[in-house]
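Structure file final18.cif (mmCIF, C-alpha atoms) is printed below.
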data_upload
#
loop_
_atom_site.label_atom_id
_atom_site.label_comp_id
_atom_site.auth_asym_id
_atom_site.auth_seq_id
_atom_site.Cartn_x
_atom_site.Cartn_y
_atom_site.Cartn_z
CA MET L 26 82.15 16.22 102.96
CA ASP L 27 79.33 17.04 105.32
CA MET L 28 81.02 20.22 106.29
CA LYS L 29 79.52 22.10 103.40
CA MET L 30 76.20 21.81 105.20
CA ASN L 31 77.64 24.38 107.62
CA MET L 32 77.47 26.99 104.95
CA SER L 33 74.04 28.55 105.19
CA GLY L 34 71.99 29.49 102.16
CA THR L 35 72.09 33.20 102.94
CA LEU L 36 75.87 33.21 103.29
CA ARG L 37 76.22 31.41 100.00
CA THR L 38 73.86 33.78 98.17
CA THR L 39 75.69 36.77 99.64
CA LEU L 40 79.05 35.36 98.51
CA ILE L 41 77.75 34.63 95.01
CA ILE L 42 76.27 38.12 94.63
CA GLY L 43 79.39 39.70 96.11
CA SER L 44 81.77 37.86 93.80
CA ILE L 45 79.67 38.64 90.71
CA LEU L 46 79.56 42.32 91.66
CA PHE L 47 83.33 42.25 92.11
CA PHE L 48 83.73 40.70 88.65
CA VAL L 49 81.49 43.35 87.07
CA PHE L 50 83.40 46.07 88.92
CA ILE L 51 86.73 44.82 87.55
CA ILE L 52 85.34 44.58 84.00
CA ASN L 53 84.07 48.14 84.31
CA MET L 54 87.44 49.36 85.56
CA VAL L 55 89.14 47.81 82.53
CA ARG L 56 86.45 49.20 80.21
CA THR L 57 86.92 52.74 81.50
CA LYS L 58 90.71 52.27 81.26
CA LYS L 59 91.29 52.91 84.94
CA LEU L 60 93.08 49.61 85.28
CA GLU L 61 95.86 48.56 82.94
CA LEU L 62 95.11 45.28 81.21
CA LYS L 63 98.39 43.88 82.52
CA TYR L 64 97.18 44.18 86.11
CA ALA L 65 93.54 43.56 85.23
CA LEU L 66 94.29 40.00 84.18
CA ILE L 67 95.24 38.83 87.66
CA TRP L 68 92.20 40.55 89.17
CA LEU L 69 89.86 39.05 86.60
CA LEU L 70 91.22 35.59 87.39
CA THR L 71 90.85 36.25 91.11
CA SER L 72 87.25 37.40 90.81
CA LEU L 73 86.42 34.46 88.54
CA SER L 74 87.80 32.02 91.07
CA PHE L 75 85.70 33.75 93.77
CA ILE L 76 82.60 33.12 91.66
CA ILE L 77 83.56 29.47 91.13
CA MET L 78 84.24 28.96 94.84
CA SER L 79 80.95 30.54 95.92
CA VAL L 80 78.84 28.66 93.33
CA PHE L 81 80.66 25.35 93.80
CA PRO L 82 82.05 25.24 97.35
CA GLU L 83 83.10 21.65 96.56
CA THR L 84 86.13 23.03 94.75
CA VAL L 85 87.48 24.39 98.03
CA PHE L 86 87.11 20.96 99.63
CA LEU L 87 88.84 19.38 96.65
CA VAL L 88 91.76 21.80 96.93
CA ALA L 89 91.98 21.13 100.68
CA ARG L 90 92.16 17.40 100.05
CA LEU L 91 94.83 17.81 97.37
CA LEU L 92 96.93 19.98 99.67
CA GLU L 93 96.23 17.56 102.54
CA VAL L 94 94.92 20.35 104.72
CA GLU L 95 92.36 19.16 107.24
CA VAL L 96 90.15 22.24 107.49
CA PRO L 97 89.06 23.57 104.06
CA ALA L 98 88.97 27.14 105.35
CA ASN L 99 92.71 26.90 106.10
CA ALA L 100 93.41 25.71 102.57
CA LEU L 101 91.50 28.72 101.29
CA PHE L 102 93.47 31.08 103.55
CA LEU L 103 96.72 29.49 102.46
CA CYS L 104 95.92 29.99 98.78
CA ILE L 105 94.73 33.55 99.25
CA ILE L 106 97.70 34.57 101.41
CA PHE L 107 100.09 33.07 98.89
CA LEU L 108 98.39 34.94 96.08
CA LEU L 109 98.42 38.19 98.05
CA LEU L 110 102.12 37.84 98.85
CA LEU L 111 102.87 37.36 95.17
CA MET L 112 100.81 40.42 94.24
CA VAL L 113 102.39 42.64 96.88
CA PHE L 114 105.84 41.56 95.81
CA ALA L 115 105.06 42.26 92.16
CA LEU L 116 103.78 45.69 93.18
CA THR L 117 106.93 46.46 95.18
CA VAL L 118 109.00 45.61 92.13
CA ALA L 119 106.80 47.83 89.98
CA VAL L 120 107.01 50.71 92.47
CA SER L 121 110.82 50.46 92.62
CA ARG L 122 111.02 50.57 88.86
CA HIS L 123 108.69 53.53 88.68
CA ALA L 124 110.58 55.43 91.40
CA ASP L 125 113.77 55.01 89.41
CA ARG L 126 112.12 56.16 86.21
CA ILE L 127 110.52 59.17 87.88
CA LYS L 128 113.88 60.15 89.36
CA LYS L 129 115.56 59.95 85.98
CA LEU L 130 112.78 61.90 84.28
CA THR L 131 112.86 64.60 86.98
CA GLN L 132 116.62 65.02 86.62
CA GLU L 133 116.55 65.16 82.85
CA LEU L 134 113.64 67.59 82.89
CA ALA L 135 115.42 69.92 85.31
CA LEU L 136 118.64 69.81 83.27
CA LEU L 137 116.75 70.44 80.04
CA LYS L 138 114.91 73.40 81.56
CA ALA L 139 118.18 74.92 82.76
CA GLU L 140 119.67 74.36 79.33
CA LEU L 141 116.73 76.05 77.64
CA GLU L 142 116.93 79.06 79.95
CA ASP L 143 120.60 79.40 79.09
CA LYS L 144 119.84 79.32 75.37
CA ASN L 145 117.12 81.95 75.70
CA LYS L 146 119.39 84.27 77.65
CA THR L 147 122.04 84.46 74.95
CA MET F 12 130.88 81.95 85.68
CA ARG F 13 133.88 80.61 83.80
CA GLY F 14 137.10 82.40 84.57
CA ASN F 15 140.44 82.03 82.82
CA LYS F 16 140.99 78.51 81.69
CA ASP F 17 143.84 76.59 83.19
CA THR F 18 146.74 76.02 80.89
CA ASP F 19 146.05 72.29 80.93
CA ASN F 20 142.39 72.83 80.07
CA ILE F 21 140.93 70.95 82.98
CA LYS F 22 137.23 71.73 83.49
CA THR F 23 136.02 71.65 87.07
CA LEU F 24 132.45 71.80 88.33
CA ILE F 25 131.33 72.51 91.87
CA ILE F 26 128.05 70.75 92.63
CA ILE F 27 126.04 72.26 95.47
CA PRO F 28 122.88 70.37 96.44
CA ALA F 29 120.53 72.77 98.22
CA TYR F 30 117.23 72.29 99.98
CA ASN F 31 115.94 75.42 101.75
CA GLU F 32 119.42 76.87 102.07
CA SER F 33 118.68 80.51 101.33
CA GLU F 34 120.21 81.55 104.67
CA ASN F 35 123.51 79.84 104.00
CA LEU F 36 124.02 80.26 100.28
CA PRO F 37 125.08 83.95 100.11
CA LYS F 38 127.91 83.32 102.57
CA LEU F 39 128.91 80.21 100.66
CA PHE F 40 129.03 82.07 97.34
CA GLU F 41 131.18 84.72 98.98
CA ALA F 42 133.57 82.06 100.26
CA LEU F 43 133.66 80.40 96.84
CA LYS F 44 134.70 83.67 95.23
CA LYS F 45 137.51 84.00 97.76
CA ALA F 46 138.63 80.42 97.28
CA GLY F 47 140.09 81.19 93.89
CA GLY F 48 140.84 78.57 91.30
CA ASP F 49 139.15 77.92 88.02
CA PHE F 50 135.78 76.26 88.33
CA ASP F 51 132.12 76.53 87.38
CA ILE F 52 129.42 76.33 90.01
CA ILE F 53 126.05 74.68 89.79
CA VAL F 54 123.42 74.67 92.50
CA ILE F 55 120.88 71.86 92.40
CA ASN F 56 117.77 73.26 94.01
CA ASP F 57 115.89 70.21 95.29
CA CYS F 58 112.43 71.77 95.10
CA SER F 59 113.12 74.16 98.00
CA LYS F 60 110.20 75.90 99.64
CA ASP F 61 112.19 79.07 100.26
CA ASN F 62 113.80 81.45 97.78
CA THR F 63 116.92 79.36 97.18
CA GLU F 64 116.47 79.67 93.43
CA ALA F 65 116.09 83.46 93.49
CA ILE F 66 119.19 83.86 95.64
CA CYS F 67 121.26 81.86 93.18
CA ARG F 68 120.03 84.03 90.30
CA GLU F 69 120.74 87.24 92.22
CA ASN F 70 124.31 86.06 92.68
CA ASN F 71 124.61 84.99 89.05
CA ILE F 72 125.09 81.36 89.97
CA LYS F 73 123.73 78.73 87.61
CA VAL F 74 120.88 76.82 89.20
CA VAL F 75 119.08 73.65 88.16
CA SER F 76 115.70 73.38 89.87
CA LEU F 77 114.18 69.96 90.29
CA PRO F 78 110.40 70.00 89.76
CA VAL F 79 109.90 67.42 92.52
CA ASN F 80 111.91 66.83 95.67
CA LEU F 81 114.28 63.93 95.06
CA GLY F 82 116.30 63.95 98.27
CA ILE F 83 120.03 64.52 98.59
CA GLY F 84 121.04 61.55 96.42
CA GLY F 85 118.81 62.47 93.50
CA ALA F 86 119.90 66.10 93.69
CA VAL F 87 123.61 65.34 93.75
CA GLN F 88 123.21 62.86 90.90
CA THR F 89 121.60 65.60 88.81
CA GLY F 90 124.85 67.53 89.28
CA TYR F 91 126.91 64.56 88.14
CA ARG F 92 124.70 64.17 85.08
CA TYR F 93 125.25 67.83 84.31
CA ALA F 94 129.00 67.28 84.68
CA LEU F 95 128.85 64.28 82.36
CA TYR F 96 126.80 66.04 79.68
CA HIS F 97 129.05 69.09 79.75
CA ASP F 98 132.21 67.07 79.68
CA TYR F 99 133.76 68.14 82.97
CA ASP F 100 137.02 66.54 84.06
CA ILE F 101 136.53 67.08 87.78
CA ALA F 102 133.38 67.41 89.84
CA ILE F 103 133.41 68.55 93.45
CA GLN F 104 130.49 68.03 95.75
CA LEU F 105 129.96 70.67 98.40
CA ASP F 106 127.07 70.90 100.85
CA GLY F 107 124.92 74.00 100.65
CA ASP F 108 124.77 74.47 104.42
CA GLY F 109 128.16 76.06 104.98
CA GLN F 110 129.75 73.03 106.63
CA HIS F 111 132.36 72.72 103.93
CA ASP F 112 134.94 75.44 103.51
CA PRO F 113 135.59 76.23 99.82
CA LYS F 114 139.20 77.14 100.59
CA PHE F 115 140.03 73.43 100.33
CA ILE F 116 138.76 73.17 96.76
CA PRO F 117 142.12 73.87 95.05
CA TYR F 118 143.69 71.09 97.13
CA LEU F 119 140.96 68.63 96.19
CA ILE F 120 141.43 69.52 92.52
CA LYS F 121 145.15 68.93 92.89
CA ARG F 122 144.61 65.42 94.28
CA ILE F 123 142.43 64.46 91.34
CA LYS F 124 144.92 65.91 88.87
CA GLU F 125 147.53 63.69 90.51
CA GLY F 126 145.59 60.67 89.26
CA ASN F 127 143.27 59.82 92.13
CA HIS F 128 139.66 59.07 91.22
CA LEU F 129 137.87 60.10 94.38
CA CYS F 130 139.22 62.41 97.04
CA ILE F 131 137.25 62.72 100.27
CA GLY F 132 137.63 65.68 102.56
CA SER F 133 137.97 64.12 106.00
CA ARG F 134 137.47 65.68 109.43
CA PHE F 135 139.21 62.83 111.16
CA ILE F 136 142.74 62.86 109.79
CA GLU F 137 143.95 65.87 111.69
CA ASN F 138 140.88 66.04 113.94
CA GLU F 139 140.57 69.77 113.56
CA GLY F 140 137.45 71.91 113.37
CA TYR F 141 133.92 70.67 113.87
CA GLN F 142 134.04 67.00 114.81
CA SER F 143 130.30 66.31 114.96
CA SER F 144 128.56 65.02 118.08
CA LYS F 145 129.95 62.08 120.02
CA ILE F 146 127.16 59.74 118.99
CA ARG F 147 127.71 60.58 115.34
CA ARG F 148 131.43 60.04 115.63
CA ILE F 149 130.73 56.55 116.97
CA GLY F 150 128.47 55.90 113.99
CA ILE F 151 131.06 57.21 111.54
CA ARG F 152 133.79 55.09 113.11
CA TYR F 153 131.54 52.05 112.81
CA PHE F 154 130.99 52.69 109.07
CA SER F 155 134.69 53.24 108.67
CA ARG F 156 135.43 49.84 110.25
CA LEU F 157 132.72 48.14 108.19
CA ILE F 158 134.14 49.53 104.96
CA LYS F 159 137.66 48.53 106.00
CA LEU F 160 136.39 45.02 106.67
CA LEU F 161 134.60 44.71 103.34
CA THR F 162 137.04 46.49 101.04
CA GLY F 163 140.34 46.50 102.92
CA THR F 164 140.66 50.28 102.55
CA LEU F 165 140.61 52.64 105.51
CA ILE F 166 138.32 55.61 104.97
CA THR F 167 138.29 57.76 108.09
CA ASP F 168 135.29 59.90 107.12
CA PRO F 169 132.97 57.87 104.86
CA THR F 170 129.98 60.13 105.56
CA SER F 171 131.72 63.26 104.31
CA GLY F 172 129.85 65.01 101.52
CA PHE F 173 132.88 67.10 100.59
CA ARG F 174 134.38 65.11 97.75
CA ALA F 175 136.11 65.51 94.44
CA CYS F 176 135.67 63.07 91.56
CA SER F 177 137.49 62.28 88.36
CA ARG F 178 135.83 61.64 84.99
CA GLU F 179 135.50 57.92 85.70
CA VAL F 180 133.67 58.54 88.94
CA ILE F 181 131.48 61.24 87.38
CA LYS F 182 130.35 58.68 84.85
CA LEU F 183 129.79 56.06 87.52
CA PHE F 184 127.73 58.42 89.71
CA ALA F 185 125.75 59.84 86.77
CA ASN F 186 124.55 56.34 85.97
CA ASP F 187 124.00 55.05 89.45
CA TYR F 188 123.66 56.95 92.69
CA PRO F 189 121.69 55.99 95.81
CA LYS F 190 118.61 57.92 96.79
CA ASP F 191 119.30 58.86 100.38
CA TYR F 192 122.31 58.75 102.69
CA PRO F 193 124.50 58.10 99.65
CA GLU F 194 128.03 58.87 100.84
CA PRO F 195 129.27 55.70 102.59
CA GLU F 196 127.64 53.44 100.04
CA THR F 197 129.16 55.21 97.04
CA VAL F 198 132.64 55.05 98.57
CA VAL F 199 132.29 51.25 98.54
CA THR F 200 130.99 51.27 94.96
CA VAL F 201 133.96 53.32 93.79
CA LEU F 202 136.41 51.06 95.64
CA ARG F 203 134.78 47.98 94.16
CA ASN F 204 135.28 49.36 90.69
CA LYS F 205 139.02 49.34 91.39
CA LEU F 206 139.25 53.12 91.37
CA LYS F 207 141.64 55.02 93.59
CA VAL F 208 140.10 56.64 96.65
CA ILE F 209 142.11 58.89 98.95
CA GLU F 210 141.34 61.25 101.77
CA MET F 211 142.54 64.71 102.51
CA PRO F 212 142.32 66.54 105.84
CA VAL F 213 139.74 69.33 105.89
CA ILE F 214 138.24 71.51 108.57
CA MET F 215 134.48 71.54 108.69
CA ASN F 216 132.21 74.09 110.36
CA ALA F 217 129.17 73.39 112.46
CA ARG F 218 126.00 73.99 110.50
CA GLU F 219 125.12 77.66 110.46
CA GLY F 220 121.47 77.49 109.59
CA GLY F 221 118.83 75.00 108.55
CA LYS F 222 118.63 71.49 109.90
CA SER F 223 120.66 68.35 109.28
CA SER F 224 118.93 65.71 107.21
CA ILE F 225 119.58 63.17 109.95
CA THR F 226 117.64 63.80 113.14
CA ASN F 227 118.06 61.71 116.28
CA LEU F 228 114.85 59.86 115.64
CA LYS F 229 116.01 58.70 112.25
CA GLY F 230 119.39 57.68 113.64
CA ILE F 231 118.68 54.01 114.10
CA TYR F 232 116.95 53.69 110.75
CA TYR F 233 119.94 55.44 109.20
CA MET F 234 122.44 53.04 110.76
CA ILE F 235 120.56 49.94 109.65
CA LYS F 236 119.89 51.23 106.17
CA VAL F 237 123.42 52.38 105.50
CA THR F 238 124.86 49.13 106.90
CA LEU F 239 122.68 47.19 104.51
CA ALA F 240 123.52 49.53 101.62
CA ILE F 241 127.26 49.18 102.27
CA MET F 242 126.97 45.40 102.35
CA ILE F 243 124.94 45.30 99.16
CA ALA F 244 127.33 47.70 97.44
CA SER F 245 130.23 45.42 98.35
CA ILE F 246 128.60 42.46 96.60
CA SER F 247 127.01 44.39 93.72
CA GLU F 248 128.03 43.85 90.14
CA LYS F 249 130.74 46.14 88.93
CA SER F 250 129.55 48.98 86.77
CA VAL F 251 130.62 49.24 83.19
CA ILE F 252 132.18 52.65 82.85
CA GLU F 253 134.57 52.08 79.98
CA GLU F 254 131.98 52.12 77.26
CA ASP F 255 132.48 55.17 75.10
#

Will you turn the file into structure tokens for me?
Amino acid sequence: MDMKMNMSGTLRTTLIIGSILFFVFIINMVRTKKLELKYALIWLLTSLSFIIMSVFPETVFLVARLLEVEVPANALFLCIIFLLLLMVFALTVAVSRHADRIKKLTQELALLKAELEDKNKT
Amino acid sequence: MRGNKDTDNIKTLIIIPAYNESENLPKLFEALKKAGGDFDIIVINDCSKDNTEAICRENNIKVVSLPVNLGIGGAVQTGYRYALYHDYDIAIQLDGDGQHDPKFIPYLIKRIKEGNHLCIGSRFIENEGYQSSKIRRIGIRYFSRLIKLLTGTLITDPTSGFRACSREVIKLFANDYPKDYPEPETVVTVLRNKLKVIEMPVIMNAREGGKSSITNLKGIYYMIKVTLAIMIASISEKSVIEED
């Protein structure tokens, strides 16, 4: 458990400030409706966990022990990479769905416009 | 554009997907007039940057202009949707670049009237006319073998975009059509839905103007993507088309 001594005070303060700023930024994005609540949820949770990890670095050590990973930093990387993979996959699914919807909308719009022109001509 | 109706009241639609084809379209319209037969024509203008739309209007050809570029698949599907909404019995797909000779249209119509669901105009039955470059022929033969392996049916020219469809296939394509490089994949989808696919010899011309959608650089990507698409199509769920 001595390893946490490696983390200097300045680094810790920077991390705490950074994670709080990130949290505030996300809240503001939701407030100004630039981020849909559906996606905001995961980001809020992420930024909260950043705050927890920077205020109580012990949690990272605890997670490392539970996962039986020797170096806590690796446990952190593992968790973050896993989370990122999930997010990217969810986004790919969302993009595919949107592409399909846009295609359908474009086609229907074009057909409707042609139809309307025809009606106006006669 | 409708001429005299056939005695048996069969409605046929020619779907022409066009992206920057203003050079080729006038000649194509001329050839379509000469081809004879009773059909309507629709050009799907896939957000062309040239005056494709104006040229269609000048020639009194109905044109549907997509507000955003959807690629060949999305454009062709728009045509099939149009055919579905307007209750056409036969839809024929014809490239806007002058590769496909409209004189074969009456023959394609005949094959569909005979009870086939999809009739593909193939360059490789009688091996006449433009045969494409050697490298492309190798690619086409490979797709042909792959489809034979997966479906048991020999299709000599699976990449041909000169095809006629029955009502069933119109419905199928209106609901589900791949985005790009759609031809080989859709052949498999149609076969998987237990519909009858046949081929008919046609003579194709070399492109007269414009550029092919498949450049050499994209060749490898094309091969991999279409291989994957064919495989997926052969294990995909069957579509429900008997629902009205």

I need the residue set behind the PyMOL selection byres ((chain L) within 6 of (chain F)) for this file; please write it as a list in words.
Gln132, Ala135 and Ala139 of chain L

Selection result of the PyMOL selection byres ((chain F and resi 201) around 10) on this file, as an mmCIF file with C-alpha atoms, keeping the file's coordinate frame:
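Below you can see expr-v4.cif, which holds the result:
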data_model
loop_
_atom_site.group_PDB
_atom_site.id
_atom_site.type_symbol
_atom_site.label_atom_id
_atom_site.label_comp_id
_atom_site.auth_asym_id
_atom_site.auth_seq_id
_atom_site.Cartn_x
_atom_site.Cartn_y
_atom_site.Cartn_z
ATOM 1 C CA HIS F 128 139.660 59.070 91.220
ATOM 2 C CA LEU F 129 137.870 60.100 94.380
ATOM 3 C CA GLU F 179 135.500 57.920 85.700
ATOM 4 C CA VAL F 180 133.670 58.540 88.940
ATOM 5 C CA LEU F 183 129.790 56.060 87.520
ATOM 6 C CA PHE F 184 127.730 58.420 89.710
ATOM 7 C CA GLU F 196 127.640 53.440 100.040
ATOM 8 C CA THR F 197 129.160 55.210 97.040
ATOM 9 C CA VAL F 198 132.640 55.050 98.570
ATOM 10 C CA VAL F 199 132.290 51.250 98.540
ATOM 11 C CA THR F 200 130.990 51.270 94.960
ATOM 12 C CA LEU F 202 136.410 51.060 95.640
ATOM 13 C CA ARG F 203 134.780 47.980 94.160
ATOM 14 C CA ASN F 204 135.280 49.360 90.690
ATOM 15 C CA LYS F 205 139.020 49.340 91.390
ATOM 16 C CA LEU F 206 139.250 53.120 91.370
ATOM 17 C CA LYS F 207 141.640 55.020 93.590
ATOM 18 C CA VAL F 208 140.100 56.640 96.650
ATOM 19 C CA ALA F 244 127.330 47.700 97.440
ATOM 20 C CA SER F 245 130.230 45.420 98.350
ATOM 21 C CA LYS F 249 130.740 46.140 88.930
ATOM 22 C CA SER F 250 129.550 48.980 86.770
#

Could you pull the residues within 10 Å of F:Ala217, counting only C-alpha atoms, minus those fewer than 2 positions along the same chain, as a ChimeraX atom specification?
/F:108-111,140-143,215,219-220

Quick one: residues within 12 Å of F:Cys176, all atoms listed in the file counted, chain neighbours fewer than 2 positions away excluded, as a count of residues only?
50

Which residue is closest to L:Asp143? Choose from F:Ala29, F:Ala240, F:Ile72, F:Ile151 and count all atoms listed in the file.
F:Ile72

Can you list, as a ChimeraX atom specification, every protein, DNA or RNA residue that comes within 9 Å of L:Leu40 when you count all atoms listed in the file, leaving out same-chain residues fewer than 5 positions away?
/L:35,45,75-76,79-80
